[in-house]
$ cat structure_27.txt   # compact mmCIF, C-alpha atoms
# COMPACT_ATOMS: atom_id res chain seq x y z
CA MET A 1 14.91 -127.96 61.82
CA THR A 2 14.30 -130.66 64.41
CA LYS A 3 11.64 -130.53 67.11
CA THR A 4 14.37 -130.26 69.76
CA SER A 5 15.93 -127.24 68.09
CA ASN A 6 12.47 -125.64 67.81
CA TYR A 7 12.01 -125.98 71.55
CA LYS A 8 15.48 -124.50 72.18
CA HIS A 9 14.72 -121.57 69.88
CA MET A 10 11.39 -120.99 71.66
CA ASN A 11 13.02 -121.07 75.10
CA VAL A 12 15.62 -118.51 74.02
CA ASN A 13 12.88 -116.18 72.76
CA ILE A 14 10.94 -116.51 76.02
CA LEU A 15 14.10 -115.79 78.03
CA LEU A 16 14.90 -112.72 75.93
CA GLY A 17 11.33 -111.51 76.34
CA ILE A 18 11.48 -111.86 80.13
CA ILE A 19 14.79 -109.97 80.23
CA PHE A 20 13.38 -107.20 78.01
CA ILE A 21 10.25 -106.76 80.16
CA SER A 22 12.36 -106.80 83.33
CA LEU A 23 14.57 -104.02 81.97
CA ILE A 24 11.50 -101.95 81.10
CA LEU A 25 10.04 -102.43 84.57
CA ILE A 26 13.36 -101.55 86.22
CA ALA A 27 13.69 -98.46 84.05
CA SER A 28 10.09 -97.51 84.79
CA GLU A 29 10.57 -97.92 88.51
CA ASN A 30 13.69 -95.76 88.35
CA ASN A 31 11.73 -93.11 86.45
CA ILE A 32 8.91 -93.18 88.99
CA ASN A 33 11.32 -92.70 91.87
CA ASP A 34 13.41 -90.03 90.14
CA PRO A 35 12.49 -86.57 91.51
CA GLU A 36 14.04 -85.00 88.39
CA LEU A 37 11.44 -86.77 86.22
CA ILE A 38 8.29 -86.55 88.36
CA ASN A 39 7.53 -82.81 88.32
CA CYS A 40 3.83 -83.08 89.17
CA THR A 41 1.69 -79.90 89.22
CA GLU A 42 2.52 -76.52 87.72
CA LEU A 43 3.27 -75.33 91.23
CA ASN A 44 6.04 -77.87 91.75
CA GLY A 45 7.22 -78.74 88.26
CA SER A 46 6.37 -79.67 84.71
CA GLY A 47 3.77 -82.41 84.89
CA CYS A 48 3.89 -86.20 84.86
CA VAL A 49 6.88 -86.36 82.51
CA CYS A 50 7.95 -89.89 83.40
CA HIS A 51 4.95 -90.98 81.30
CA SER A 52 5.18 -88.44 78.46
CA LEU A 53 6.88 -85.09 77.98
CA GLU A 54 3.95 -83.19 76.49
CA ARG A 55 0.58 -82.48 78.09
CA ASP A 56 -2.51 -83.69 76.21
CA LEU A 57 -5.39 -81.21 75.98
CA ASN A 58 -7.80 -84.11 75.28
CA VAL A 59 -7.41 -85.09 78.94
CA ASP A 60 -9.82 -83.06 81.09
CA VAL A 61 -8.74 -82.15 84.63
CA TRP A 62 -10.56 -79.80 86.98
CA VAL A 63 -11.18 -79.06 90.66
CA GLU A 64 -14.53 -78.40 92.29
CA GLY A 65 -15.21 -77.16 95.81
CA PRO A 66 -15.65 -74.01 97.93
CA GLU A 67 -14.55 -70.85 96.14
CA SER A 68 -13.97 -69.01 99.41
CA LEU A 69 -12.76 -70.03 102.87
CA TYR A 70 -12.13 -68.30 106.14
CA VAL A 71 -8.64 -68.40 107.60
CA GLY A 72 -8.14 -71.79 109.23
CA GLN A 73 -11.27 -73.31 107.67
CA MET A 74 -10.88 -76.61 105.77
CA GLY A 75 -12.80 -76.99 102.53
CA ILE A 76 -13.52 -80.37 100.92
CA TYR A 77 -12.59 -80.48 97.23
CA ARG A 78 -12.65 -82.98 94.39
CA MET A 79 -10.19 -83.30 91.52
CA TYR A 80 -11.88 -84.79 88.44
CA LEU A 81 -10.26 -86.64 85.54
CA ALA A 82 -11.77 -87.62 82.17
CA GLY A 83 -10.59 -88.42 78.65
CA GLY A 84 -7.39 -89.95 77.36
CA PRO A 85 -6.92 -93.74 77.42
CA ALA A 86 -9.30 -93.68 80.41
CA GLU A 87 -8.41 -97.16 81.63
CA ALA A 88 -7.02 -95.96 84.95
CA GLY A 89 -5.92 -92.65 86.38
CA GLY A 90 -3.69 -90.89 88.84
CA TYR A 91 -3.57 -87.36 90.19
CA ASN A 92 -1.59 -84.69 91.94
CA VAL A 93 -2.97 -81.61 93.72
CA ALA A 94 -1.03 -78.91 95.51
CA GLY A 95 -1.79 -75.68 97.36
CA ARG A 96 0.16 -72.45 97.01
CA PHE A 97 -0.01 -71.15 100.58
CA GLY A 98 -2.45 -73.34 102.53
CA THR A 99 -2.19 -76.92 103.74
CA MET A 100 -3.30 -80.04 101.86
CA GLU A 101 -5.23 -82.54 104.02
CA LEU A 102 -5.86 -86.25 103.38
CA VAL A 103 -9.54 -87.23 103.51
CA ASP A 104 -9.58 -90.59 101.68
CA THR A 105 -7.65 -93.88 101.61
CA PHE A 106 -6.56 -93.49 97.98
CA SER A 107 -4.02 -90.72 98.58
CA PHE A 108 -0.83 -89.85 100.43
CA ARG A 109 1.53 -86.90 100.67
CA ASN A 110 3.92 -86.76 97.75
CA PRO A 111 7.43 -87.23 99.21
CA LEU A 112 8.97 -85.55 96.15
CA ALA A 113 6.92 -82.34 96.03
CA LEU A 114 6.11 -79.53 98.43
CA ASN A 115 2.64 -79.64 100.02
CA GLU A 116 1.28 -82.00 97.36
CA LEU A 117 -0.99 -85.04 97.45
CA THR A 118 -0.86 -87.95 95.04
CA GLN A 119 -2.63 -91.29 94.63
CA ALA A 120 -1.60 -94.38 96.54
CA PHE A 121 -2.56 -96.53 93.53
CA SER A 122 -4.16 -96.01 90.13
CA LEU A 123 -7.94 -95.63 90.17
CA PRO A 124 -9.78 -97.56 87.40
CA PHE A 125 -12.30 -95.94 85.07
CA PRO A 126 -15.58 -97.95 85.00
CA THR A 127 -15.75 -97.14 81.25
CA PRO A 128 -13.68 -94.81 79.03
CA GLU A 129 -16.65 -92.40 78.96
CA ASP A 130 -16.75 -92.04 82.76
CA THR A 131 -15.23 -89.43 85.04
CA ILE A 132 -13.26 -90.40 88.14
CA TYR A 133 -12.32 -88.18 91.07
CA TRP A 134 -10.34 -87.94 94.29
CA GLU A 135 -11.38 -85.97 97.38
CA PHE A 136 -8.99 -83.86 99.40
CA GLY A 137 -9.08 -81.17 102.04
CA TYR A 138 -7.48 -77.74 101.92
CA VAL A 139 -6.92 -75.29 104.78
CA VAL A 140 -6.12 -71.73 103.75
CA SER A 141 -3.72 -69.46 105.62
CA ASP A 142 -3.69 -65.71 106.13
CA ALA A 143 -0.73 -65.18 103.79
CA VAL A 144 -2.68 -63.56 100.94
CA ASP A 145 -6.21 -62.59 99.93
CA VAL A 146 -6.44 -65.25 97.16
CA ASP A 147 -4.86 -68.68 97.34
CA THR A 148 -4.51 -71.17 94.44
CA ILE A 149 -4.99 -74.94 94.12
CA TYR A 150 -3.01 -76.62 91.33
CA SER A 151 -3.87 -79.98 89.78
CA CYS A 152 -2.50 -82.53 87.33
CA GLY A 153 -4.30 -85.66 86.09
CA LEU A 154 -2.83 -88.74 84.42
CA SER A 155 -4.99 -90.92 82.17
CA LEU A 156 -3.11 -94.15 81.57
CA VAL A 157 -3.12 -97.45 79.77
CA TRP A 158 -3.24 -99.92 82.63
CA ASP A 159 -0.11 -101.89 81.77
CA LEU A 160 1.93 -100.75 84.80
CA ILE A 161 4.55 -99.29 82.43
CA PRO A 162 4.93 -95.49 82.20
CA ASP A 163 5.20 -94.64 78.50
CA SER A 164 3.95 -92.28 75.79
CA LEU A 165 0.62 -94.15 75.60
CA ASP A 166 -0.28 -92.58 78.94
CA ARG A 167 -1.59 -89.03 78.65
CA TRP A 168 -1.66 -86.21 81.21
CA ASN A 169 -2.81 -82.63 81.51
CA PHE A 170 -2.80 -79.81 84.02
CA GLY A 171 -6.10 -78.67 85.44
CA TYR A 172 -7.23 -75.05 85.52
CA LYS A 173 -5.77 -73.15 88.43
CA PHE A 174 -8.49 -73.00 91.09
CA PRO A 175 -8.56 -69.68 93.02
CA VAL A 176 -9.75 -69.63 96.63
CA THR A 177 -10.71 -66.31 98.18
CA ILE A 178 -9.47 -66.00 101.76
CA MET A 179 -11.68 -64.15 104.23
CA ASN A 180 -10.31 -62.97 107.56
CA VAL A 181 -13.57 -61.81 109.20
CA ILE A 182 -16.16 -64.47 109.91
CA PRO A 183 -19.61 -62.84 109.44
CA VAL A 184 -21.38 -66.06 110.47
CA GLU A 185 -19.69 -68.62 112.67
CA LEU A 186 -21.37 -71.97 111.94
CA SER A 187 -20.81 -74.19 114.96
CA SER A 188 -22.59 -77.33 113.68
CA PHE A 189 -24.46 -78.72 110.66
CA THR A 190 -26.09 -82.18 110.80
CA ALA A 191 -28.50 -84.29 108.77
CA THR A 192 -30.65 -87.19 110.00
CA THR A 193 -33.48 -89.20 108.46
CA GLU A 194 -37.06 -89.86 109.51
CA GLY A 195 -38.86 -92.13 107.07
CA GLN A 196 -38.68 -90.52 103.63
CA ASN A 197 -37.61 -87.17 105.10
CA ALA A 198 -34.21 -85.56 105.72
CA LEU A 199 -33.98 -83.41 108.86
CA LEU A 200 -31.32 -80.69 108.66
CA ASN A 201 -30.18 -78.82 111.78
CA TRP A 202 -27.47 -76.20 112.16
CA ARG A 203 -26.31 -73.75 114.79
CA THR A 204 -24.41 -70.49 114.68
CA ALA A 205 -22.27 -69.05 117.48
CA THR A 206 -22.35 -65.46 116.18
CA GLU A 207 -23.81 -63.67 113.15
CA LEU A 208 -22.86 -60.45 111.37
CA ASN A 209 -25.09 -59.04 108.60
CA ASN A 210 -26.53 -62.49 107.96
CA ARG A 211 -29.36 -62.41 105.42
CA GLY A 212 -29.93 -66.16 105.68
CA PHE A 213 -29.20 -69.66 104.46
CA GLU A 214 -29.98 -71.16 101.07
CA ILE A 215 -30.40 -74.94 101.40
CA GLN A 216 -28.97 -76.93 98.49
CA ARG A 217 -29.23 -80.64 97.66
CA ILE A 218 -27.62 -82.98 95.14
CA PRO A 219 -28.74 -86.61 94.61
CA LEU A 220 -25.87 -89.08 94.49
CA SER A 221 -27.88 -92.14 93.40
CA ASN A 222 -31.25 -93.35 92.16
CA SER A 223 -31.71 -90.33 89.91
CA ARG A 224 -33.80 -91.33 86.88
CA ILE A 225 -34.19 -88.75 84.15
CA LYS A 226 -35.84 -89.13 80.74
CA GLY A 227 -35.57 -86.51 78.03
CA GLY A 228 -33.34 -84.20 80.07
CA LYS A 229 -29.98 -83.93 81.80
CA GLN A 230 -29.27 -84.61 85.43
CA GLY A 231 -28.65 -81.33 87.21
CA GLY A 232 -26.12 -80.42 89.84
CA TRP A 233 -26.87 -78.70 93.15
CA GLN A 234 -30.58 -77.86 93.53
CA VAL A 235 -31.91 -75.01 95.68
CA ILE A 236 -34.66 -76.50 97.85
CA GLY A 237 -35.32 -73.75 100.39
CA PHE A 238 -34.21 -70.59 102.18
CA ILE A 239 -34.16 -69.82 105.92
CA ASP A 240 -33.85 -66.21 107.06
CA GLY A 241 -30.99 -65.27 109.36
CA VAL A 242 -31.27 -62.84 112.27
CA GLY A 243 -28.87 -60.22 110.86
CA THR A 244 -26.34 -59.44 113.58
CA THR A 245 -26.18 -61.17 116.95
CA THR A 246 -23.66 -62.50 119.45
CA GLU A 247 -26.19 -65.02 120.80
CA PRO A 248 -26.17 -68.67 119.55
CA GLN A 249 -28.96 -69.43 117.05
CA HIS A 250 -30.55 -72.72 115.98
CA TYR A 251 -32.03 -73.40 112.52
CA SER A 252 -33.76 -76.39 110.96
CA PHE A 253 -35.19 -77.50 107.62
CA THR A 254 -37.04 -80.68 106.56
CA ASP A 255 -36.69 -82.09 103.05
CA THR A 256 -39.78 -84.26 102.57
CA GLU A 257 -40.93 -87.20 100.43
CA LEU A 258 -37.51 -88.24 99.18
CA SER A 259 -37.04 -91.27 96.95
CA ASN A 260 -34.75 -94.03 98.14
CA GLY A 261 -31.13 -93.09 97.49
CA VAL A 262 -28.19 -91.07 98.77
CA TYR A 263 -28.36 -87.29 99.05
CA ARG A 264 -25.81 -84.63 99.95
CA TYR A 265 -26.68 -81.22 101.41
CA ARG A 266 -24.88 -77.92 101.91
CA LEU A 267 -25.75 -74.43 103.13
CA LYS A 268 -25.06 -71.27 101.17
CA GLN A 269 -24.82 -68.55 103.79
CA VAL A 270 -25.66 -65.19 102.21
CA ASP A 271 -24.72 -61.79 103.68
CA LEU A 272 -26.82 -58.64 103.38
CA ASP A 273 -24.40 -57.33 100.72
CA GLY A 274 -24.86 -60.48 98.59
CA SER A 275 -21.53 -62.13 99.41
CA PHE A 276 -21.76 -65.78 100.39
CA ILE A 277 -19.89 -68.87 101.53
CA PHE A 278 -20.69 -72.58 101.38
CA SER A 279 -20.76 -74.81 104.43
CA GLU A 280 -19.27 -78.26 104.74
CA GLN A 281 -21.42 -80.97 103.15
CA VAL A 282 -23.49 -83.59 104.98
CA GLU A 283 -24.90 -86.81 103.55
CA ILE A 284 -27.90 -89.05 104.25
CA SER A 285 -29.24 -92.29 102.82
CA ILE A 286 -32.95 -93.06 102.37
CA ASN A 287 -33.85 -96.74 102.15
CA VAL A 288 -37.47 -97.21 103.21
CA PRO A 289 -39.69 -99.56 101.15
CA PRO A 290 -43.14 -98.06 100.46
CA ALA A 291 -46.22 -99.74 101.91
CA GLU A 292 -48.26 -99.82 98.69
CA PHE A 293 -48.30 -99.15 94.96
CA LYS A 294 -48.88 -95.49 94.23
CA LEU A 295 -48.84 -93.13 91.26
CA SER A 296 -48.72 -89.48 92.36
CA GLN A 297 -49.83 -86.39 90.49
CA ASN A 298 -47.00 -84.91 88.46
CA TYR A 299 -45.45 -81.66 89.71
CA PRO A 300 -45.56 -78.97 88.52
CA ASN A 301 -48.85 -79.26 86.70
CA PRO A 302 -49.44 -77.46 84.34
CA PHE A 303 -45.78 -77.52 83.27
CA ASN A 304 -43.40 -76.19 80.61
CA PRO A 305 -41.40 -78.05 79.49
CA SER A 306 -40.40 -80.38 82.37
CA THR A 307 -42.30 -82.07 85.16
CA THR A 308 -41.59 -84.80 87.70
CA ILE A 309 -43.62 -88.00 87.97
CA ARG A 310 -43.41 -89.87 91.28
CA PHE A 311 -44.45 -93.46 91.89
CA SER A 312 -43.94 -96.13 94.55
CA ILE A 313 -43.70 -99.92 94.32
CA PRO A 314 -43.57 -102.04 97.50
CA GLU A 315 -41.93 -105.02 95.77
CA ALA A 316 -39.78 -105.72 92.74
CA GLU A 317 -41.85 -105.61 89.56
CA ASN A 318 -41.53 -104.93 85.86
CA VAL A 319 -42.63 -101.29 85.60
CA VAL A 320 -43.96 -99.62 82.46
CA LEU A 321 -44.57 -95.87 82.49
CA LYS A 322 -45.86 -94.29 79.27
CA ILE A 323 -47.17 -90.95 78.06
CA TYR A 324 -50.27 -90.73 75.80
CA ASP A 325 -51.85 -87.81 73.99
CA ILE A 326 -55.51 -86.88 74.41
CA ILE A 327 -56.72 -89.32 71.71
CA GLY A 328 -54.78 -92.24 73.16
CA ASN A 329 -51.70 -92.30 70.95
CA GLU A 330 -48.54 -93.37 72.76
CA THR A 331 -45.95 -90.57 72.63
CA VAL A 332 -43.15 -91.56 75.03
CA THR A 333 -42.09 -94.60 77.05
CA LEU A 334 -40.39 -93.30 80.18
CA THR A 335 -39.45 -96.68 81.61
CA ASP A 336 -39.97 -100.34 80.80
CA GLU A 337 -37.80 -102.43 83.10
CA ARG A 338 -37.76 -104.41 86.32
CA LEU A 339 -37.30 -102.13 89.32
CA SER A 340 -36.59 -102.85 92.97
CA ALA A 341 -39.02 -101.83 95.69
CA GLY A 342 -38.79 -98.12 96.37
CA ASN A 343 -39.96 -94.60 95.61
CA TYR A 344 -39.02 -93.18 92.23
CA ASN A 345 -38.90 -89.75 90.62
CA ILE A 346 -38.80 -89.52 86.83
CA ASN A 347 -38.25 -86.19 85.13
CA PHE A 348 -40.23 -85.86 81.89
CA ASN A 349 -39.03 -83.26 79.40
CA ALA A 350 -41.77 -82.43 76.87
CA SER A 351 -39.86 -79.83 74.85
CA ASP A 352 -40.57 -81.81 71.65
CA LEU A 353 -44.33 -81.95 72.24
CA SER A 354 -47.01 -79.36 71.57
CA SER A 355 -49.25 -77.81 74.22
CA GLY A 356 -52.24 -79.83 75.33
CA ILE A 357 -53.62 -82.47 77.67
CA TYR A 358 -51.64 -85.68 78.11
CA PHE A 359 -52.04 -88.80 80.22
CA TYR A 360 -49.36 -90.84 81.98
CA SER A 361 -50.03 -94.50 82.75
CA LEU A 362 -48.21 -96.82 85.16
CA ASP A 363 -48.39 -100.63 85.01
CA ALA A 364 -46.55 -102.67 87.65
CA GLY A 365 -47.61 -106.28 88.11
CA SER A 366 -51.35 -106.29 88.82
CA PHE A 367 -51.33 -102.55 89.60
CA GLY A 368 -52.33 -99.98 87.04
CA ALA A 369 -53.13 -96.27 87.25
CA THR A 370 -53.49 -93.30 84.90
CA LYS A 371 -53.39 -89.56 85.60
CA LYS A 372 -53.81 -86.40 83.53
CA MET A 373 -51.30 -83.60 83.06
CA ILE A 374 -51.29 -80.35 81.10
CA LEU A 375 -48.45 -78.97 78.98
CA LEU A 376 -48.66 -75.19 78.49
CA LYS A 377 -46.11 -73.51 76.25
$ encode --input "structure_27.txt" --output "structure tokens"
Amino acid sequence: MTKTSNYKHMNVNILLGIIFISLILIASENNINDPELINCTELNGSGCVCHSLERDLNVDVWVEGPESLYVGQMGIYRMYLAGGPAEAGGYNVAGRFGTMELVDTFSFRNPLALNELTQAFSLPFPTPEDTIYWEFGYVVSDAVDVDTIYSCGLSLVWDLIPDSLDRWNFGYKFPVTIMNVIPVELSSFTATTEGQNALLNWRTATELNNRGFEIQRIPLSNSRIKGGKQGGWQVIGFIDGVGTTTEPQHYSFTDTELSNGVYRYRLKQVDLDGSFIFSEQVEISINVPPAEFKLSQNYPNPFNPSTTIRFSIPEAENVVLKIYDIIGNETVTLTDERLSAGNYNINFNASDLSSGIYFYSLDAGSFGATKKMILLK
């Protein structure tokens, strides 16, 4: 075969390939815009069937947020997606009786489904092991005592072509208890910063059988944990309520000595009968460089089996933090890396060690310090 005929043969193949891809894209676009094929959540249909007909139980989909709301109150929720190809993802969420509300720039109201939100564009997974999420608001009505949020997540191969390589699954139905009587009317909840402290303030307009407020915190960044798992919401305090009153009340709480990072707070208002409701969430950011190197005493001490070690570095340095037993043998290296200036908390889990006296030593540049701690099992 001549060189000219080779070129002609190659050009024909390229042309056929372009036509084939164009047909796929046209067919895909028709599928995406076909309301008979996009059935979305279990409330409105049969799932994301333009990608594949069968749900895949290896794809994890779930909703988190307030489990109870008063009539007319908007709760902020997140729909999480993990598993599957985990290259990019899409979602649909719908409410049975209440109203879906947009709270981010990634979503819009699904024009093909009743009271349903969907993504404006696919959201990439940082890695296949990660979990991605979308936030949305939901306002319950007074139609029933329990409302339901439905969800559907699509984990896709990011080739822009809906096909059987993409995998989807429904999420668990999320029940929301609807309360018609407001025992505590929270009129405001704010958070501000002062140095390394978070100042929380909230007001109530009226209270009925209010036992008090449990203050909860979750760190969103700069959480460093060794030998243990990062927890979720942490209870950091409780403020007593006044019981029953029609007079406005003001409450405050200070969360002290925070490390640099982003933190989110919420209130768990508890009635005298034990029933409770969560407030909206507020967020603060701490970014204050410390004035000097410092290694603080671990807390709690003695401990079993976990304790927190705090230290501060005023400038970027390579930081080495190690644990030694009483005769000087190294047992654990908690960190050995270059860190930015800031305040750090490291959780040390000693479940694999026996009871006794241990020492923890910090070396950062020219700074060095050692302190003693006691493990009691």
$ residues_around --input "structure_27.txt" --residues "A:Val103" --least-positions-apart "6" --cutoff "10 Å" --atoms "only C-alpha atoms" --output "PyMOL selection string"
chain A and resi 76-77+134-138
$ axis_aligned_box --input "structure_27.txt" --around "stretch 362-373 of chain A" --padding-each-side "3 Å" --output "JSON"
{"center_x": -50.2, "center_y": -94.9, "center_z": 86.3, "size_x": 13.3, "size_y": 28.7, "size_z": 12.5}
$ closest_residue --input "structure_27.txt" --among "A:His250, A:Arg266, A:Lys372, A:Lys322" --to "A:Asn298" --atoms "all atoms listed in the file"
A:Lys372
$ atom_distance --input "structure_27.txt" --atom1 "atom CA of A:Thr244" --atom2 "atom CA of A:Arg264"
28.6 Å
$ atom_distance --input "structure_27.txt" --atom1 "atom CA of A:Leu220" --atom2 "atom CA of A:Thr192"
16.3 Å
$ residues_around --input "structure_27.txt" --residues "stretch 117-119 of chain A" --least-positions-apart "4" --cutoff "12 Å" --atoms "only C-alpha atoms" --output "PyMOL selection string"
chain A and resi 38-41+44+48+79+88-95+99-113+123-124+133-138+149-154
$ atom_distance --input "structure_27.txt" --atom1 "atom CA of A:Ser296" --atom2 "atom CA of A:Phe367"
13.6 Å
$ residues_around --input "structure_27.txt" --residues "A:Leu272" --least-positions-apart "4" --cutoff "12 Å" --atoms "all atoms listed in the file" --output "list in words"
Pro183, Val184, Glu207, Leu208, Asn209, Asn210, Arg211, Gly212, Phe213, Asp240, Gly241, Val242, Gly243, Thr244 and Phe276 of chain A
$ closest_residue --input "structure_27.txt" --among "A:Leu57, A:Ile346, A:Ile327, A:Leu321" --to "A:Ala364" --atoms "all atoms listed in the file"
A:Leu321
$ residues_near_point --input "structure_27.txt" --point "(-35.5, -91.0, 106.6)" --cutoff "8 Å" --atoms "all atoms listed in the file" --output "PDB file with C-alpha atoms, in the coordinates of the input"
ATOM      1  CA  THR A 192     -30.650 -87.190 110.000  1.00  0.00           C
ATOM      2  CA  THR A 193     -33.480 -89.200 108.460  1.00  0.00           C
ATOM      3  CA  GLU A 194     -37.060 -89.860 109.510  1.00  0.00           C
ATOM      4  CA  GLY A 195     -38.860 -92.130 107.070  1.00  0.00           C
ATOM      5  CA  GLN A 196     -38.680 -90.520 103.630  1.00  0.00           C
ATOM      6  CA  ASN A 197     -37.610 -87.170 105.100  1.00  0.00           C
ATOM      7  CA  ALA A 198     -34.210 -85.560 105.720  1.00  0.00           C
ATOM      8  CA  SER A 285     -29.240 -92.290 102.820  1.00  0.00           C
ATOM      9  CA  ILE A 286     -32.950 -93.060 102.370  1.00  0.00           C
ATOM     10  CA  ASN A 287     -33.850 -96.740 102.150  1.00  0.00           C
ATOM     11  CA  VAL A 288     -37.470 -97.210 103.210  1.00  0.00           C
TER      12      VAL A 288
END
